[in-house]
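Here's entry25.txt, which has compact mmCIF, C-alpha atoms:
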```txt
# COMPACT_ATOMS: atom_id res chain seq x y z
CA MET A 1 -66.34 1.19 -42.94
CA GLY A 2 -63.62 1.46 -45.52
CA GLU A 3 -60.61 -0.56 -46.56
CA PRO A 4 -56.93 0.40 -46.72
CA ILE A 5 -55.92 2.76 -49.48
CA TRP A 6 -53.26 0.34 -50.74
CA ASN A 7 -56.07 -1.97 -51.92
CA VAL A 8 -56.60 0.18 -55.01
CA ASP A 9 -56.54 -1.89 -58.18
CA SER A 10 -54.87 0.52 -60.59
CA PRO A 11 -52.65 3.61 -60.82
CA VAL A 12 -55.65 5.73 -61.83
CA HIS A 13 -57.60 4.66 -58.75
CA LEU A 14 -54.60 5.41 -56.52
CA LEU A 15 -54.40 8.92 -57.95
CA GLU A 16 -58.15 9.33 -57.43
CA ALA A 17 -57.98 8.04 -53.85
CA LEU A 18 -55.02 10.17 -52.80
CA GLY A 19 -56.53 13.23 -54.45
CA GLY A 20 -59.77 12.62 -52.56
CA CYS A 21 -57.93 12.33 -49.24
CA ILE A 22 -56.01 15.54 -49.91
CA LYS A 23 -59.32 17.29 -50.63
CA GLY A 24 -60.65 15.93 -47.35
CA HIS A 25 -57.58 17.22 -45.55
CA GLN A 26 -58.12 20.66 -47.06
CA ALA A 27 -61.78 20.63 -45.99
CA LEU A 28 -60.73 19.70 -42.46
CA LEU A 29 -58.19 22.53 -42.43
CA ASN A 30 -60.80 24.99 -43.71
CA ALA A 31 -63.06 23.85 -40.88
CA GLY A 32 -60.30 24.81 -38.43
CA TYR A 33 -58.49 21.52 -37.74
CA LEU A 34 -55.08 20.11 -38.66
CA HIS A 35 -54.87 16.30 -38.85
CA ARG A 36 -51.14 15.86 -38.00
CA ASP A 37 -51.00 12.09 -38.57
CA ILE A 38 -51.17 11.39 -42.28
CA SER A 39 -50.06 7.78 -42.73
CA ILE A 40 -50.86 4.77 -44.83
CA ASN A 41 -53.19 3.42 -42.12
CA ASN A 42 -55.26 6.61 -41.84
CA LEU A 43 -56.38 6.82 -45.48
CA LEU A 44 -59.28 4.59 -46.48
CA LEU A 45 -61.32 3.66 -49.55
CA ASP A 46 -65.04 3.13 -49.97
CA LYS A 47 -65.50 0.96 -53.05
CA GLN A 48 -69.26 0.74 -52.52
CA THR A 49 -70.09 4.36 -53.32
CA ASP A 50 -70.39 6.18 -56.62
CA ASP A 51 -70.08 9.58 -54.94
CA PRO A 52 -66.64 10.93 -55.99
CA ASP A 53 -66.40 12.92 -52.76
CA ARG A 54 -66.82 9.79 -50.61
CA LYS A 55 -64.61 7.27 -52.43
CA SER A 56 -61.67 7.95 -50.09
CA PHE A 57 -61.41 9.60 -46.70
CA LEU A 58 -59.27 10.34 -43.64
CA ILE A 59 -59.68 8.68 -40.26
CA ASP A 60 -58.11 8.98 -36.79
CA LEU A 61 -58.25 12.54 -35.49
CA ASP A 62 -56.67 11.58 -32.15
CA VAL A 63 -53.80 14.07 -32.51
CA ALA A 64 -55.67 16.69 -34.56
CA VAL A 65 -55.59 20.24 -33.19
CA SER A 66 -57.37 23.47 -33.87
CA TYR A 67 -55.71 25.42 -36.68
CA PRO A 68 -54.11 27.90 -36.72
CA VAL A 69 -52.46 26.40 -33.64
CA ALA A 70 -52.94 28.70 -30.68
CA ASN A 71 -51.07 26.60 -28.11
CA ASP A 72 -47.29 26.82 -28.61
CA LYS A 73 -46.80 23.40 -27.03
CA ASP A 74 -49.23 21.78 -29.51
CA GLY A 75 -47.57 23.60 -32.39
CA HIS A 76 -44.15 22.19 -31.58
CA THR A 77 -45.16 18.64 -30.67
CA ARG A 78 -43.72 16.08 -33.07
CA THR A 79 -46.61 13.82 -34.15
CA GLY A 80 -47.12 11.27 -36.86
CA THR A 81 -45.64 7.99 -38.06
CA LYS A 82 -41.87 8.26 -38.47
CA VAL A 83 -41.57 6.99 -42.06
CA PHE A 84 -44.31 9.38 -43.23
CA MET A 85 -43.29 12.46 -41.24
CA SER A 86 -42.03 15.51 -43.09
CA SER A 87 -38.33 16.28 -43.16
CA GLY A 88 -39.01 19.54 -41.30
CA LEU A 89 -40.67 17.78 -38.36
CA LEU A 90 -37.93 15.18 -38.24
CA LEU A 91 -35.35 17.95 -38.05
CA ASN A 92 -36.82 20.13 -35.34
CA GLY A 93 -40.25 18.93 -34.26
CA GLY A 94 -42.32 21.89 -35.41
CA PRO A 95 -44.20 24.05 -35.66
CA HIS A 96 -46.48 21.54 -37.38
CA SER A 97 -48.38 23.01 -40.32
CA PHE A 98 -50.50 21.85 -43.24
CA VAL A 99 -47.27 21.77 -45.29
CA ASP A 100 -45.98 18.95 -43.09
CA ASP A 101 -49.17 16.96 -43.63
CA LEU A 102 -48.96 17.50 -47.39
CA GLU A 103 -45.40 16.17 -47.38
CA SER A 104 -46.70 13.15 -45.46
CA PHE A 105 -49.15 12.53 -48.31
CA PHE A 106 -46.15 12.45 -50.64
CA TRP A 107 -44.43 9.76 -48.56
CA VAL A 108 -47.62 7.69 -48.37
CA PHE A 109 -47.80 7.93 -52.18
CA ILE A 110 -44.21 6.70 -52.46
CA TRP A 111 -44.71 3.91 -49.92
CA ILE A 112 -47.73 2.47 -51.75
CA CYS A 113 -46.00 2.57 -55.12
CA ILE A 114 -42.93 0.80 -53.71
CA TYR A 115 -44.60 -1.84 -51.53
CA TYR A 116 -47.87 -2.72 -53.26
CA PRO A 117 -49.01 -5.11 -54.59
CA GLU A 118 -47.14 -6.85 -51.78
CA ASN A 119 -46.07 -9.85 -53.85
CA ARG A 120 -44.14 -7.55 -56.22
CA ALA A 121 -42.21 -5.47 -53.67
CA LYS A 122 -38.42 -5.70 -53.39
CA GLN A 123 -35.55 -4.30 -51.34
CA THR A 124 -35.76 -0.53 -51.72
CA PRO A 125 -34.15 2.77 -50.66
CA VAL A 126 -36.80 3.13 -47.92
CA SER A 127 -36.58 -0.37 -46.42
CA ASP A 128 -34.69 0.66 -43.29
CA TRP A 129 -36.27 4.06 -42.61
CA ASN A 130 -37.76 2.95 -39.29
CA GLN A 131 -34.24 2.24 -38.01
CA LYS A 132 -32.73 5.57 -39.08
CA PRO A 133 -32.02 8.34 -36.53
CA LEU A 134 -34.38 11.30 -37.01
CA LEU A 135 -31.68 13.62 -38.35
CA VAL A 136 -30.40 11.06 -40.86
CA LEU A 137 -33.92 10.30 -42.08
CA ALA A 138 -34.71 14.02 -42.43
CA LEU A 139 -31.65 14.57 -44.59
CA LEU A 140 -32.43 11.48 -46.67
CA LYS A 141 -35.95 12.72 -47.31
CA GLN A 142 -34.68 16.14 -48.36
CA TYR A 143 -32.30 14.43 -50.78
CA PHE A 144 -35.00 12.18 -52.24
CA LEU A 145 -37.38 15.12 -52.69
CA ARG A 146 -34.74 16.66 -54.96
CA ASN A 147 -34.00 13.33 -56.68
CA PRO A 148 -37.36 11.53 -56.90
CA ASN A 149 -36.12 9.30 -59.73
CA LEU A 150 -34.22 7.32 -57.09
CA LEU A 151 -37.59 6.49 -55.54
CA THR A 152 -39.65 5.92 -58.68
CA SER A 153 -37.06 3.44 -59.96
CA ALA A 154 -38.05 1.18 -57.05
CA PHE A 155 -41.79 1.22 -57.82
CA THR A 156 -43.57 -2.07 -58.40
CA PRO A 157 -44.44 -2.90 -62.05
CA GLN A 158 -48.05 -1.79 -61.55
CA TYR A 159 -46.89 1.79 -60.98
CA ILE A 160 -43.51 2.16 -62.67
CA GLN A 161 -45.04 1.54 -66.09
CA PHE A 162 -47.64 4.33 -65.72
CA LYS A 163 -45.82 7.45 -66.93
CA PRO A 164 -48.46 10.00 -65.84
CA LEU A 165 -48.14 8.73 -62.26
CA ILE A 166 -44.34 8.98 -62.40
CA GLN A 167 -44.64 12.56 -63.67
CA CYS A 168 -47.10 13.33 -60.87
CA VAL A 169 -44.60 12.06 -58.28
CA GLU A 170 -41.80 14.14 -59.81
CA GLU A 171 -43.87 17.33 -59.90
CA PHE A 172 -45.22 16.72 -56.38
CA ALA A 173 -41.62 16.33 -55.16
CA LYS A 174 -40.64 19.56 -56.89
CA ILE A 175 -43.41 21.45 -55.08
CA MET A 176 -42.52 19.97 -51.70
CA SER A 177 -38.77 20.61 -52.06
CA ASN A 178 -39.18 24.29 -52.84
CA ASP A 179 -37.42 26.34 -50.16
CA LEU A 180 -40.27 28.87 -50.17
CA ILE A 181 -43.08 26.37 -49.71
CA ARG A 182 -43.94 27.45 -46.15
CA SER A 183 -44.63 30.97 -47.33
CA ARG A 184 -47.31 29.84 -49.80
CA PRO A 185 -51.02 30.30 -48.98
CA SER A 186 -52.81 27.02 -48.27
CA GLU A 187 -55.43 27.48 -51.01
CA GLU A 188 -52.74 27.97 -53.62
CA LEU A 189 -50.70 24.97 -52.49
CA TYR A 190 -53.67 22.58 -52.36
CA ARG A 191 -54.81 23.85 -55.76
CA ASP A 192 -51.46 23.12 -57.39
CA ILE A 193 -51.09 19.67 -55.84
CA LEU A 194 -54.64 18.59 -56.68
CA ALA A 195 -54.11 19.81 -60.23
CA LEU A 196 -51.20 17.36 -60.56
CA PHE A 197 -53.44 14.46 -59.57
CA ARG A 198 -56.20 15.52 -61.97
CA LYS A 199 -53.73 15.91 -64.81
CA ALA A 200 -52.27 12.44 -64.21
CA GLN A 201 -55.74 10.85 -64.02
CA GLU A 202 -56.83 12.49 -67.26
CA SER A 203 -53.68 11.30 -68.98
```
Reformat the file's structure so that it appears as structure tokens.
Amino acid sequence: MGEPIWNVDSPVHLLEALGGCIKGHQALLNAGYLHRDISINNLLLDKQTDDPDRKSFLIDLDVAVSYPVANDKDGHTRTGTKVFMSSGLLLNGGPHSFVDDLESFFWVFIWICIYYPENRAKQTPVSDWNQKPLLVLALLKQYFLRNPNLLTSAFTPQYIQFKPLIQCVEEFAKIMSNDLIRSRPSEELYRDILALFRKAQES
């Protein structure tokens, strides 16, 4: 059993944990499955292991499907937790791809940095996202992806003071907001995103 990813004790460990979960997502995709429900509750830590490949992991494959998606209905089913769903899914409900899951990782990243540790969180630009209509939330997310400084300014002190993490968020947002992102091969996209996390950890 693991514990929630937000229980990390430092920015470096958050970068390590998220990077590990993204690697796990890529391995799942390479095995022929798309998770489709990346959220803060489906990413766990194992603080008891020294194996770097087992320190963080994905759970809950209830809505996972074979990938590439053969069934058109599955491909266009809107799945996931609203506040972590990609702007593309919020706009039109599909087809769901690995790009949507990678954007969900970005929103989990943001959510943790804004709301944890819990005793340091404050009113933020994402506080009322659960109450927003899908179209409004999609447009907000597109705007924030192009202006990530409006999100990082709301980070708790544990994260806002760690410049490599802030740079990682900004570069991650730049990748996800690129209009051509859905034309990029999965290996290339995972490589570039994981490189951001490694660079921030090493810094």
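Rounded to one decimal, CA of Pro52 (chain A) and CA of Gln158 (chain A) lie 23.2 Å from each other.
The residue that comes closest to Met176 (chain A), out of A:Leu134, A:Leu139, A:Ile114, A:Val99 and on the basis of all atoms listed in the file, is A:Val99.
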Choose the residue, out of A:Phe57, A:Phe106, A:Tyr67, A:Phe98, that has the smallest atom-to-atom separation from Phe172 (chain A); count all atoms listed in the file.
->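 Looking at the shortest contact to Phe172 (chain A), the residue is A:Phe106.
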Given the choices A:Pro148, A:Pro117, A:Gly80, A:Pro125, which gets closest to Ser10 (chain A) if the distance is worked out from all atoms listed in the file?
->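 Smallest distance to Ser10 (chain A) is found for A:Pro117.
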Which residues, written as number ranges by chain, have at least one atom at most 12 Å from Ser153 (chain A), with only C-alpha atoms counted and residues fewer than 3 positions away on the same chain left out?
-> A: 110, 113-114, 122-125, 144, 147-150, 156-157, 159-161, 163, 166, 169-170
Minimum-distance residue to Leu15 (chain A), chosen among A:Ala64, A:Ile193, A:Leu140, A:Leu58 (using only C-alpha atoms) =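 Distance minimum relative to Leu15 (chain A) lands on A:Ile193.
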Write out as a ChimeraX atom specification each polymer residue whose atoms come within 7 Å of Ile38 (chain A), counting only C-alpha atoms; drop sequence neighbours fewer than 2 positions from it.
-> /A:36,42,80,101,104-105
Please produce a file of the residues just selected, as a compact mmCIF listing (two decimals), in the coordinates of the input, where the atoms kept are C-alpha atoms.
```txt
# COMPACT_ATOMS: atom_id res chain seq x y z
CA ARG A 36 -51.14 15.86 -38.00
CA ASN A 42 -55.26 6.61 -41.84
CA GLY A 80 -47.12 11.27 -36.86
CA ASP A 101 -49.17 16.96 -43.63
CA SER A 104 -46.70 13.15 -45.46
CA PHE A 105 -49.15 12.53 -48.31
```
Pick out the residues sitting within 10 Å of Cys168 (chain A), and hand them over as an NGL selection string; count all atoms listed in the file, and ignore anything fewer than 3 positions along from it in its own chain.
-> :A and (15 or 163-165 or 171-174 or 193 or 195-201)
